[in-house]
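Visitor: Take a look at the following structure, please.
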Amino acid sequence: MKIIFFFLSRAIRAVVKLDYYAKKELDNFEESYVIKLKVWPEKPSIGFRVKNNSFKKSKKYSDSDLTIYFKSIESALLLLTGKISIEQGYSENRFLVKGDIVKSMSFFRILHIVEYYFFPKFISNKILYEKPSTSSNKFRVYLKILFGI
Amino acid sequence: MIPSYYEFQSSVKLLSGLNALENIPFELNNLNSSKPLILTDETLMKNGNLKIITSALENSDYKQYFIFKDIPVDSSIEVIDQISDIYFEESCDSIIAIGGDSVINTAKKVIDKKSNPLIIVPTTSKMYNEASVVVVDPRILENLTPKLIASKAMEALTHSIEAYSCLQKNPISDSFAFSSIKMIMENIVNIIENPKDKNLWLVLSNASLMSSIAFSNSMAGITHALSHACSDVCGVSHSEAMAVLLPYCMEYNKNAVDDYYSELLLPIAGPDIYCKAFKNRRAEKAIYYIRDLINELHEIASLPKSLRELGVDKKSFEEIAQKTVNNESILVNPVKVSEERVIEILNNAY
């Protein structure tokens, strides 16, 4: 789970840096806004802080403005490995959102873009209703995730 | 088909019908409550209906209760805080809320963080799934205008249709949704034409509760999100906006949920029409009969048929679209919702 969170965290930060549409969604969050993804009750977890128009890793024990709680590790795995879509996960109550719902919708749209870049086509075709608007390419995103280039 | 995983919750007990109010003390006793706080508004105090409940309480040795009757039409956090203080000061251990939206929503907020029982006695056909007990007695139902009856029925109908066809659907909520659609479609015109027959209203109240149970377990989709946005931006009635938008949103979702709409032709139009319709035309027919109902309600109850009639300004379309895509309900809509597509629906419904 920690490995998945590690790559997811890098993927989200990379996509927000490289993709125009993800960046546009980021505009809906104020500076220093903190978003956390946690497996209930507390860990494992990852967090992001909005800083200078991008996502930075947030400090481990800082408070969050928006938290997405996965009910169990199994629920988190289903979503984060592309076995089910965000929509299906929401429908099945696999996760709970604590915080501003409107902001969470922006974050979900960022996750849709991340899923498109991050997963191979046979998975993204299955979990995305349709291809989200994107402006970068998978190769660049992978380079950024793996090597930070 | 059964979903790979789903959750369902409904713990509400319903008392429906004649003399239901007199059974409230028995329910309080079942819930281990000894001192209820009664929340209501001035109207109920004036028309004497509250007396039925207080007499029932006193006849059953519930001599101790506290009445708070100053809930305004638009309740506020101050009112909720004031009632919370009274609740503690008077050592109450349950709430009986009698009234419309404002009274009941206030009661829900007061009881929110306590594990005490809440008994709801709605005076409109709108129903609530979040109580320990819901009591519907024909004597206490208000005289609503035909337009209000029609719009409340359309709200329940929309919630049920969306609960039945959106991503969170499950076999248990389906059964509530399906039955409530049947009850509404069979009775709505009759209720409007015979407004004095309070027993007919019970049908609508029951259908509304069933719709509420379905909808709170299988979230509604685009029609719900879009109507909320119209209501937020233009201040129009949420229920009336739903009535206007329902057929357009059904058209929008149709290809993704053709099978579900086909099944719904049975409660919407009845067995004769269902059997005569070709299988591949049933979904289309279901939408056709919903339009037909809206046209009829327009004639007999002056229910608006278009966004223009409803009072939605075309200039607000962009803001409505933004609010719609930020509503969590669209996560369960079977077709992806974007701002451009919402504007298209709004233009069609204008």
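Letters A, B, ... go to the chains of the structure tokens in the order shown; residues in each chain start at 1; ligands are counted from 1 in the same order.
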Could you work out which residues of chain B fall inside 7 Å of chain A? Count only C-alpha atoms, and format the result as a list in words.
Guide: Tyr5, Tyr6, Glu7, Leu167, Gln168, Asn326, Asn327, Glu328, Leu331, Val332 and Lys336 of chain B
Visitor: Mind checking DSSP for segment 81-300 of chain B and telling me the helix (DSSP H, G or I) residues as number ranges by chain?
Guide: B: 81-89, 101-111, 138-140, 146-165, 171-193, 198-217, 222-234, 238-256, 258-269, 271-276, 279-300
Visitor: Residues at most 10 Å from Glu30 of chain A, counting only C-alpha atoms, excluding those fewer than 2 positions away in the same chain, as an MDAnalysis selection string?
Guide: chainID A and resid 26:28 32:34 49:53
Visitor: Mind checking DSSP for segment 74-244 of chain B and telling me the strand (DSSP E or B) residues as a VMD selection string?
Guide: chain B and resid 94 to 99 118 to 122 133 to 136
Visitor: One decimal, in Å: what's the spacing between atom CA of Leu14 of chain B and atom CA of Pro72 of chain B?
Guide: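 Straight-line distance from atom CA of Leu14 of chain B to atom CA of Pro72 of chain B works out to 26.5 Å.
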Visitor: Using only C-alpha atoms for the distances, tell me which of B:Ile172, B:Val244, B:Cys234, B:Ile149 is nearest to Pro3 of chain B.
Guide: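 Under the stated criterion, the closest residue is B:Ile172.
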Visitor: Do you know which residues are at most 12 Å from Asn190 of chain B counting only C-alpha atoms, after dropping those on the same chain fewer than 2 positions away, and could you put them as a list in words?
Guide: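 What passes the distance filter is Pro146, Ile149, Ala150, Met183, Ile184, Met185, Glu186, Asn187, Ile188, Ile192, Glu193, Asn194, Pro195, Lys196, Asp197, Lys198, Asn199, Leu200, Trp201, Val203, Leu204, Glu296, Leu297, Ile300 and Ala301 of chain B.
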Visitor: With only C-alpha atoms as the basis for distance, which of B:Ala321, B:Leu202, B:Cys249, B:Ile213 is at the shortest distance from Ala20 of chain B?
Guide: B:Leu202
Visitor: For Val15 of chain A, please output as a compact mmCIF listing (two decimals) with all heavy atoms, in the first residue's frame all residues within 12 Å (counting only C-alpha atoms; exclusion window: fewer than 5 positions along the same chain).
Guide:
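Saved as selection-v2.txt:
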```txt
# COMPACT_ATOMS: atom_id res chain seq x y z
N PHE A 7 3.85 6.09 -5.39
CA PHE A 7 3.77 6.40 -6.83
C PHE A 7 2.58 7.31 -7.14
O PHE A 7 2.66 8.18 -8.00
CB PHE A 7 3.70 5.10 -7.65
CG PHE A 7 5.05 4.48 -7.84
CD1 PHE A 7 5.40 3.32 -7.18
CD2 PHE A 7 6.01 5.09 -8.65
CE1 PHE A 7 6.66 2.75 -7.33
CE2 PHE A 7 7.27 4.53 -8.81
CZ PHE A 7 7.61 3.36 -8.14
N LEU A 8 1.48 7.10 -6.42
CA LEU A 8 0.31 7.95 -6.65
C LEU A 8 0.64 9.40 -6.31
O LEU A 8 0.31 10.33 -7.07
CB LEU A 8 -0.87 7.47 -5.79
CG LEU A 8 -2.13 8.32 -5.92
CD1 LEU A 8 -2.80 8.09 -7.28
CD2 LEU A 8 -3.15 8.01 -4.82
N SER A 9 1.35 9.57 -5.21
CA SER A 9 1.72 10.92 -4.78
C SER A 9 2.58 11.58 -5.86
O SER A 9 2.36 12.73 -6.25
CB SER A 9 2.46 10.82 -3.45
OG SER A 9 3.10 12.03 -3.17
N ARG A 10 3.55 10.83 -6.38
CA ARG A 10 4.42 11.39 -7.44
C ARG A 10 3.61 11.67 -8.70
O ARG A 10 3.81 12.68 -9.37
CB ARG A 10 5.56 10.42 -7.74
CG ARG A 10 6.55 10.30 -6.59
CD ARG A 10 7.78 9.56 -7.03
NE ARG A 10 8.65 10.42 -7.81
CZ ARG A 10 9.96 10.48 -7.69
NH1 ARG A 10 10.56 9.74 -6.79
NH2 ARG A 10 10.68 11.26 -8.45
N TYR A 20 -2.17 21.07 -18.49
CA TYR A 20 -2.88 22.35 -18.39
C TYR A 20 -4.22 22.19 -17.67
O TYR A 20 -4.60 22.99 -16.82
CB TYR A 20 -3.08 22.90 -19.81
CG TYR A 20 -4.10 24.00 -19.90
CD1 TYR A 20 -3.77 25.31 -19.54
CD2 TYR A 20 -5.41 23.74 -20.34
CE1 TYR A 20 -4.71 26.33 -19.61
CE2 TYR A 20 -6.35 24.74 -20.41
CZ TYR A 20 -6.00 26.04 -20.04
OH TYR A 20 -6.93 27.03 -20.10
N TYR A 21 -4.95 21.12 -18.01
CA TYR A 21 -6.30 20.95 -17.45
C TYR A 21 -6.27 20.61 -15.96
O TYR A 21 -7.13 21.03 -15.20
CB TYR A 21 -7.08 19.89 -18.24
CG TYR A 21 -7.32 20.33 -19.66
CD1 TYR A 21 -6.47 19.92 -20.69
CD2 TYR A 21 -8.36 21.19 -19.97
CE1 TYR A 21 -6.66 20.35 -21.98
CE2 TYR A 21 -8.56 21.63 -21.27
CZ TYR A 21 -7.71 21.21 -22.27
OH TYR A 21 -7.89 21.64 -23.56
N ALA A 22 -5.24 19.85 -15.57
CA ALA A 22 -5.10 19.53 -14.14
C ALA A 22 -4.72 20.81 -13.38
O ALA A 22 -5.23 21.07 -12.29
CB ALA A 22 -4.03 18.46 -13.95
N LYS A 23 -3.86 21.59 -14.00
CA LYS A 23 -3.45 22.85 -13.38
C LYS A 23 -4.65 23.79 -13.22
O LYS A 23 -4.79 24.48 -12.22
CB LYS A 23 -2.38 23.51 -14.27
CG LYS A 23 -1.37 24.35 -13.50
CD LYS A 23 -0.40 25.00 -14.45
CE LYS A 23 0.94 24.39 -14.49
NZ LYS A 23 1.87 24.58 -13.48
N LYS A 24 -5.52 23.77 -14.24
CA LYS A 24 -6.72 24.61 -14.19
C LYS A 24 -7.61 24.22 -13.01
O LYS A 24 -8.18 25.08 -12.34
CB LYS A 24 -7.49 24.43 -15.50
CG LYS A 24 -8.19 25.68 -15.98
CD LYS A 24 -8.71 25.46 -17.37
CE LYS A 24 -10.12 25.94 -17.47
NZ LYS A 24 -10.79 25.52 -18.69
N GLU A 25 -7.72 22.93 -12.76
CA GLU A 25 -8.50 22.47 -11.60
C GLU A 25 -7.83 22.91 -10.30
O GLU A 25 -8.51 23.22 -9.32
CB GLU A 25 -8.66 20.94 -11.60
CG GLU A 25 -9.54 20.38 -12.70
CD GLU A 25 -11.00 20.81 -12.60
OE1 GLU A 25 -11.42 21.27 -11.52
OE2 GLU A 25 -11.72 20.70 -13.61
N LEU A 26 -6.51 22.94 -10.32
CA LEU A 26 -5.77 23.33 -9.11
C LEU A 26 -6.08 24.78 -8.72
O LEU A 26 -6.01 25.14 -7.54
CB LEU A 26 -4.26 23.16 -9.36
CG LEU A 26 -3.36 23.26 -8.15
CD1 LEU A 26 -3.51 22.01 -7.29
CD2 LEU A 26 -1.91 23.43 -8.55
N SER A 54 1.20 24.57 -7.56
CA SER A 54 1.46 23.13 -7.72
C SER A 54 1.19 22.43 -6.39
O SER A 54 0.93 23.08 -5.38
CB SER A 54 2.91 22.90 -8.18
OG SER A 54 3.77 23.31 -7.16
N PHE A 55 1.24 21.10 -6.44
CA PHE A 55 1.07 20.33 -5.21
C PHE A 55 2.42 19.97 -4.64
O PHE A 55 3.29 19.45 -5.35
CB PHE A 55 0.34 19.00 -5.51
CG PHE A 55 -1.16 19.08 -5.49
CD1 PHE A 55 -1.91 18.37 -6.42
CD2 PHE A 55 -1.84 19.83 -4.53
CE1 PHE A 55 -3.29 18.39 -6.41
CE2 PHE A 55 -3.22 19.87 -4.50
CZ PHE A 55 -3.95 19.15 -5.44
N ARG A 109 -11.57 15.37 -10.45
CA ARG A 109 -11.29 15.60 -11.88
C ARG A 109 -9.77 15.50 -12.12
O ARG A 109 -9.34 15.01 -13.15
CB ARG A 109 -11.86 16.95 -12.33
CG ARG A 109 -13.39 16.89 -12.50
CD ARG A 109 -13.93 18.09 -13.23
NE ARG A 109 -13.93 19.28 -12.40
CZ ARG A 109 -14.95 19.66 -11.62
NH1 ARG A 109 -16.05 18.95 -11.57
NH2 ARG A 109 -14.87 20.76 -10.90
N ILE A 110 -8.98 15.97 -11.15
CA ILE A 110 -7.52 15.81 -11.28
C ILE A 110 -7.18 14.31 -11.28
O ILE A 110 -6.39 13.84 -12.09
CB ILE A 110 -6.77 16.55 -10.13
CG1 ILE A 110 -6.96 18.06 -10.26
CG2 ILE A 110 -5.30 16.18 -10.11
CD1 ILE A 110 -6.36 18.89 -9.13
N LEU A 111 -7.83 13.57 -10.38
CA LEU A 111 -7.55 12.12 -10.32
C LEU A 111 -7.93 11.42 -11.63
O LEU A 111 -7.24 10.49 -12.05
CB LEU A 111 -8.30 11.47 -9.15
CG LEU A 111 -7.77 11.76 -7.75
CD1 LEU A 111 -8.60 11.01 -6.70
CD2 LEU A 111 -6.30 11.37 -7.59
N HIS A 112 -9.00 11.89 -12.27
CA HIS A 112 -9.37 11.30 -13.57
C HIS A 112 -8.23 11.48 -14.56
O HIS A 112 -7.90 10.56 -15.31
CB HIS A 112 -10.63 11.97 -14.13
CG HIS A 112 -11.90 11.47 -13.51
ND1 HIS A 112 -12.96 12.29 -13.24
CD2 HIS A 112 -12.28 10.23 -13.11
CE1 HIS A 112 -13.94 11.57 -12.69
NE2 HIS A 112 -13.54 10.33 -12.59
N ILE A 113 -7.65 12.68 -14.57
CA ILE A 113 -6.55 12.96 -15.50
C ILE A 113 -5.33 12.09 -15.13
O ILE A 113 -4.68 11.51 -16.00
CB ILE A 113 -6.19 14.47 -15.49
CG1 ILE A 113 -7.42 15.29 -15.93
CG2 ILE A 113 -5.01 14.76 -16.38
CD1 ILE A 113 -7.27 16.81 -15.79
N VAL A 114 -5.07 11.98 -13.83
CA VAL A 114 -3.95 11.14 -13.37
C VAL A 114 -4.17 9.70 -13.83
O VAL A 114 -3.26 9.04 -14.34
CB VAL A 114 -3.81 11.21 -11.83
CG1 VAL A 114 -2.78 10.19 -11.32
CG2 VAL A 114 -3.41 12.61 -11.39
N GLU A 115 -5.41 9.21 -13.66
CA GLU A 115 -5.70 7.82 -14.05
C GLU A 115 -5.45 7.62 -15.55
O GLU A 115 -4.92 6.59 -15.96
CB GLU A 115 -7.17 7.48 -13.74
CG GLU A 115 -7.42 7.24 -12.27
CD GLU A 115 -8.87 6.90 -11.94
OE1 GLU A 115 -9.77 7.37 -12.66
OE2 GLU A 115 -9.10 6.21 -10.95
N TYR A 116 -5.81 8.64 -16.34
CA TYR A 116 -5.60 8.51 -17.78
C TYR A 116 -4.11 8.37 -18.10
O TYR A 116 -3.71 7.51 -18.90
CB TYR A 116 -6.18 9.73 -18.51
CG TYR A 116 -5.77 9.76 -19.96
CD1 TYR A 116 -6.35 8.89 -20.89
CD2 TYR A 116 -4.75 10.61 -20.39
CE1 TYR A 116 -5.94 8.87 -22.20
CE2 TYR A 116 -4.34 10.60 -21.71
CZ TYR A 116 -4.93 9.73 -22.61
OH TYR A 116 -4.52 9.70 -23.92
N TYR A 117 -3.27 9.18 -17.47
CA TYR A 117 -1.83 9.11 -17.75
C TYR A 117 -1.18 7.88 -17.13
O TYR A 117 -0.33 7.24 -17.72
CB TYR A 117 -1.11 10.34 -17.18
CG TYR A 117 -1.33 11.62 -17.97
CD1 TYR A 117 -1.93 12.72 -17.37
CD2 TYR A 117 -0.90 11.72 -19.29
CE1 TYR A 117 -2.12 13.89 -18.07
CE2 TYR A 117 -1.08 12.90 -19.99
CZ TYR A 117 -1.69 13.99 -19.39
OH TYR A 117 -1.86 15.13 -20.08
N PHE A 118 -1.57 7.59 -15.90
CA PHE A 118 -0.87 6.62 -15.07
C PHE A 118 -1.12 5.17 -15.49
O PHE A 118 -0.21 4.35 -15.53
CB PHE A 118 -1.30 6.84 -13.61
CG PHE A 118 -0.46 6.12 -12.60
CD1 PHE A 118 0.89 6.40 -12.44
CD2 PHE A 118 -1.03 5.15 -11.77
CE1 PHE A 118 1.66 5.74 -11.49
CE2 PHE A 118 -0.27 4.50 -10.81
CZ PHE A 118 1.07 4.79 -10.68
N THR A 134 -6.80 16.44 -21.94
CA THR A 134 -5.42 16.44 -21.44
C THR A 134 -4.55 17.26 -22.39
O THR A 134 -4.91 17.49 -23.55
CB THR A 134 -4.85 15.00 -21.40
OG1 THR A 134 -5.08 14.38 -22.66
CG2 THR A 134 -5.49 14.18 -20.31
N SER A 135 -3.38 17.68 -21.92
CA SER A 135 -2.54 18.51 -22.78
C SER A 135 -1.10 18.00 -22.86
O SER A 135 -0.28 18.57 -23.55
CB SER A 135 -2.53 19.95 -22.25
OG SER A 135 -1.84 20.00 -21.03
N SER A 136 -0.78 16.94 -22.10
CA SER A 136 0.60 16.44 -22.14
C SER A 136 0.60 15.02 -22.70
O SER A 136 -0.39 14.59 -23.28
CB SER A 136 1.17 16.46 -20.71
OG SER A 136 2.54 16.20 -20.74
N ASN A 137 1.71 14.30 -22.59
CA ASN A 137 1.68 12.91 -23.05
C ASN A 137 2.22 11.96 -21.99
O ASN A 137 2.95 12.37 -21.08
CB ASN A 137 2.41 12.74 -24.39
CG ASN A 137 3.88 13.03 -24.26
OD1 ASN A 137 4.60 12.38 -23.51
ND2 ASN A 137 4.35 14.07 -24.96
N LYS A 138 1.83 10.70 -22.12
CA LYS A 138 2.11 9.71 -21.09
C LYS A 138 3.61 9.59 -20.84
O LYS A 138 4.05 9.45 -19.71
CB LYS A 138 1.54 8.35 -21.49
CG LYS A 138 0.04 8.27 -21.40
CD LYS A 138 -0.43 6.83 -21.44
CE LYS A 138 -1.93 6.81 -21.21
NZ LYS A 138 -2.43 5.60 -20.63
N PHE A 139 4.41 9.65 -21.90
CA PHE A 139 5.86 9.46 -21.79
C PHE A 139 6.46 10.52 -20.86
O PHE A 139 7.24 10.21 -19.97
CB PHE A 139 6.49 9.53 -23.19
CG PHE A 139 7.96 9.26 -23.18
CD1 PHE A 139 8.45 7.98 -22.84
CD2 PHE A 139 8.87 10.26 -23.51
CE1 PHE A 139 9.82 7.73 -22.83
CE2 PHE A 139 10.23 10.01 -23.50
CZ PHE A 139 10.71 8.74 -23.17
N ARG A 140 6.07 11.77 -21.07
CA ARG A 140 6.59 12.86 -20.23
C ARG A 140 6.19 12.67 -18.77
O ARG A 140 6.98 12.88 -17.86
CB ARG A 140 6.05 14.21 -20.72
CG ARG A 140 6.81 14.77 -21.91
CD ARG A 140 6.48 16.23 -22.10
NE ARG A 140 7.05 17.05 -21.03
CZ ARG A 140 6.71 18.32 -20.82
NH1 ARG A 140 5.80 18.89 -21.58
NH2 ARG A 140 7.26 19.02 -19.86
N VAL A 141 4.93 12.25 -18.60
CA VAL A 141 4.43 12.06 -17.23
C VAL A 141 5.21 10.93 -16.54
O VAL A 141 5.65 11.05 -15.40
CB VAL A 141 2.91 11.79 -17.22
CG1 VAL A 141 2.43 11.39 -15.82
CG2 VAL A 141 2.16 13.02 -17.69
N TYR A 142 5.43 9.82 -17.27
CA TYR A 142 6.20 8.70 -16.69
C TYR A 142 7.61 9.13 -16.32
O TYR A 142 8.14 8.78 -15.26
CB TYR A 142 6.24 7.51 -17.66
CG TYR A 142 4.99 6.65 -17.60
CD1 TYR A 142 4.26 6.36 -18.74
CD2 TYR A 142 4.55 6.12 -16.39
CE1 TYR A 142 3.12 5.58 -18.68
CE2 TYR A 142 3.41 5.33 -16.32
CZ TYR A 142 2.69 5.06 -17.47
OH TYR A 142 1.56 4.29 -17.40
N LEU A 143 8.25 9.91 -17.20
CA LEU A 143 9.61 10.40 -16.90
C LEU A 143 9.62 11.21 -15.61
O LEU A 143 10.50 11.07 -14.77
CB LEU A 143 10.13 11.28 -18.04
CG LEU A 143 10.69 10.56 -19.27
CD1 LEU A 143 11.17 11.58 -20.29
CD2 LEU A 143 11.84 9.64 -18.89
N LYS A 144 8.60 12.05 -15.49
CA LYS A 144 8.50 12.90 -14.31
C LYS A 144 8.26 12.05 -13.05
O LYS A 144 8.86 12.31 -11.99
CB LYS A 144 7.34 13.88 -14.51
CG LYS A 144 7.24 14.96 -13.47
CD LYS A 144 7.99 16.19 -13.92
CE LYS A 144 7.98 17.24 -12.83
NZ LYS A 144 9.08 18.18 -12.97
N ILE A 145 7.38 11.03 -13.18
CA ILE A 145 7.09 10.20 -12.00
C ILE A 145 8.34 9.42 -11.59
O ILE A 145 8.73 9.39 -10.42
CB ILE A 145 5.94 9.21 -12.30
CG1 ILE A 145 4.63 9.96 -12.55
CG2 ILE A 145 5.76 8.21 -11.15
CD1 ILE A 145 3.49 9.09 -13.06
N GLY A 148 11.76 12.33 -12.08
CA GLY A 148 11.60 13.75 -11.74
C GLY A 148 12.03 14.69 -12.85
O GLY A 148 12.26 15.88 -12.62
```
Visitor: With a distance cut-off of 10 Å and only C-alpha atoms, select the neighbouring residues of His238 of chain B, excluding the residue or stretch itself and same-chain residues fewer than 2 positions from it, and output the selection as a PyMOL selection string.
Guide: chain B and resi 151-152+155+224-232+235-236+240-243
Visitor: Got a sec: who's within 12 Å of Phe6 of chain A, counting only C-alpha atoms, leaving out chain neighbours fewer than 6 positions off, as a VMD selection string?
Guide: chain A and resid 12 to 13 37 44 to 47 57 80 145 to 146
Visitor: For atom CA of Thr158 of chain B and atom CA of Thr123 of chain B, quote the distance in Å rounded to one decimal.
Guide: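 Atom CA of Thr123 of chain B lies 21.1 Å from atom CA of Thr158 of chain B.
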Visitor: Between B:Asn49, B:Ser4, B:Ser75, B:Ser102, single out the one closest to Leu141 of chain B, counting only C-alpha atoms.
Guide: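 Between B:Asn49, B:Ser4, B:Ser75, B:Ser102, the residue approaching Leu141 of chain B most closely is B:Asn49.
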Visitor: Grab the atom CA of Lys182 of chain B to atom CA of Asn23 of chain B distance for me, in Å with one decimal place.
Guide: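 Interatomic distance, atom CA of Lys182 of chain B to atom CA of Asn23 of chain B: 28.9 Å.
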Visitor: Of the candidates B:Tyr128, B:Phe278, B:Phe215, B:Tyr261, which one gets nearest to His159 of chain B if we count only C-alpha atoms?
Guide: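 Counting only C-alpha atoms, the residue closest to His159 of chain B is B:Phe215.
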Visitor: I'd like to know which of B:Asp313, B:Asp272, B:Asp137, B:Asp258 is closest to Leu21 of chain B, using only C-alpha atoms.
Guide: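 Ranked by minimum distance to Leu21 of chain B, first place goes to B:Asp137.
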